[in-house]
Amino acid sequence: MAKKAAVDTKNLFKRGNVWWIQAMRKGKRVIQSTGETDVSQARAVRDRELNPMRLADAKERAEAAFERVQTADQKLTRALDALPALTVRRTWDAFLASPERSDAGEVTLGGYLSQWNRFEKWIEERRPGGELRAVTAKDAADYAADLTAAGLSPSRFNMHIDLLKMVCRVLFETARLAANPWFKVKRKRKSTQGRRPFTSTELQAILGTASGELQTLLIIGAYSGLRLGDAVTLDWSAVDLANGTITLRPKKT
């Protein structure tokens with residue numbers, strides 16, 4: 001004999017011939033008549049009445065869970081903020097050790113270090129032993145003004161600001177920065193200056209005035225077109241006297 005399927009009467013009870021709804025809402029029992037004597041019609045009324053309650057309860061539970069997570073995150077943030085962070089004095093070593101920095105060569109890193117040392121000396125006079133995250137947008141603006149007052153060219157000014165901006169970007173999480181203080185410092189527009197080649201008379205005057213190794217360098221540059229740095233580091237292995245050629249790879253690309 002086939003088993004009779006159970007009738008869904010969850011949250012329903014019968015009083016007399018009428019079906020009633022019974023549910024818990026915010027810790028209180030809610031009782032409401034469906035006005036129906038037929039159980040299928042009573043179920044439709046129950047679903048229509050209880051579904052909004054269930055959705056509201058689910059929303060409240062989700063909001064409460066979200067608030068708990070937020071509270072935990074806030075506590076964690078406060079705990080981390082209370083811990084010592086990266087100091088300005090340790091910043092350069094941390095920057096060199098970071099895998100996030102660009103793979104710059106020794107010469108480029110030497111220029112970076114010179115720019116960083118200038119800023120470190122300046123900020124240490126303001127805030128000795130301070131943390132990198134303590135550098136503010138006002139500090140950045142004041143330092144930019146100091147660079148300008150020192151008479152730096154737009155190109156040199158931009159190099160300093162770009163380096164400081166990059167250091168804070170690379171160490172953003174390590175130093176627990178809230179924001180990069182250098183982002184609002186505007187780069188300066190580079191002024192362009194046209195150049196013309198020396199005339200034969202000017203070139204003869206320059207070569208005739210120079211003497212010794214300087215004259216040799218100027219002659220090499222004048223007749224080969226090599227940059228000063230390439231002329232200074234020119235090796236005999238690059239010179240073919242028999243064929244009258246110099247072969248080398250320029251150090252600047």
# chains A, B, ... in the order shown; residues from 1 in each chain; ligands from 1
>>> residues_around(residues="stretch 11-26 of chain A", least_positions_apart="4", cutoff="8 Å", atoms="only C-alpha atoms", output="PyMOL selection string")
chain A and resi 30-39+42-43+46+53+57
>>> select_by_dssp(residues="stretch 66-249 of chain A", states="alpha helix (DSSP H)", output="ChimeraX atom specification")
/A:66-82,88-97,106-126,137-149,154-170,200-209,212-224,228-232
>>> select_by_dssp(residues="stretch 13-236 of chain A", states="strand (DSSP E)", output="PyMOL selection string")
chain A and resi 13-15+18-25+28-36
>>> closest_residue(among="A:Ile206, A:Thr245, A:Pro250, A:Arg61", to="A:Arg227", atoms="only C-alpha atoms")
A:Pro250
>>> closest_atom_pairs(of="stretch 145-203 of chain A", to="stretch 107-130 of chain A", cutoff="8 Å", atoms="only C-alpha atoms", output="Markdown table")
| residue | atom | partner | partner_atom | distance |
| --- | --- | --- | --- | --- |
| A:Met159 | CA | A:Gln115 | CA | 8.0 |
| A:His160 | CA | A:Gln115 | CA | 5.7 |
| A:Leu163 | CA | A:Tyr112 | CA | 6.5 |
| A:Leu164 | CA | A:Trp116 | CA | 7.2 |
>>> closest_residue(among="A:Val167, A:Leu226, A:Ala175, A:Leu214", to="A:Leu86", atoms="only C-alpha atoms")
A:Ala175
>>> closest_residue(among="A:Leu96, A:Leu147, A:Leu234, A:Val45", to="A:Arg249", atoms="only C-alpha atoms")
A:Leu234
>>> atom_distance(atom1="atom CA of A:Arg89", atom2="atom CA of A:Asp146")
20.2 Å
>>> residues_around(residues="A:Arg90", least_positions_apart="5", cutoff="10 Å", atoms="only C-alpha atoms", output="ChimeraX atom specification")
/A:95,129,131-132
>>> write_last_selection(atoms="N, CA, C and O atoms", output="PDB file, in the first residue's frame")
ATOM      1  N   PHE A  95      63.722  49.389   0.879  1.00  0.00           N
ATOM      2  CA  PHE A  95      63.446  49.586  -0.544  1.00  0.00           C
ATOM      3  C   PHE A  95      64.343  48.697  -1.398  1.00  0.00           C
ATOM      4  O   PHE A  95      63.887  48.048  -2.349  1.00  0.00           O
ATOM      5  N   GLY A 129      64.046  60.403  13.747  1.00  0.00           N
ATOM      6  CA  GLY A 129      63.644  59.032  14.072  1.00  0.00           C
ATOM      7  C   GLY A 129      62.206  58.707  13.735  1.00  0.00           C
ATOM      8  O   GLY A 129      61.676  57.701  14.208  1.00  0.00           O
ATOM      9  N   GLU A 131      58.644  57.760  11.598  1.00  0.00           N
ATOM     10  CA  GLU A 131      58.251  56.670  10.713  1.00  0.00           C
ATOM     11  C   GLU A 131      57.901  57.210   9.330  1.00  0.00           C
ATOM     12  O   GLU A 131      57.488  58.362   9.177  1.00  0.00           O
ATOM     13  N   LEU A 132      58.062  56.346   8.325  1.00  0.00           N
ATOM     14  CA  LEU A 132      57.746  56.759   6.951  1.00  0.00           C
ATOM     15  C   LEU A 132      56.267  57.115   6.820  1.00  0.00           C
ATOM     16  O   LEU A 132      55.911  58.038   6.080  1.00  0.00           O
TER      17      LEU A 132
END
>>> atom_distance(atom1="atom CA of A:Val170", atom2="atom CA of A:Lys186")
19.5 Å
>>> atom_distance(atom1="atom CA of A:Cys168", atom2="atom CA of A:Val185")
13.4 Å
>>> closest_residue(among="A:Pro52, A:Gly27, A:Pro154, A:Gly229", to="A:Lys188", atoms="only C-alpha atoms")
A:Pro154
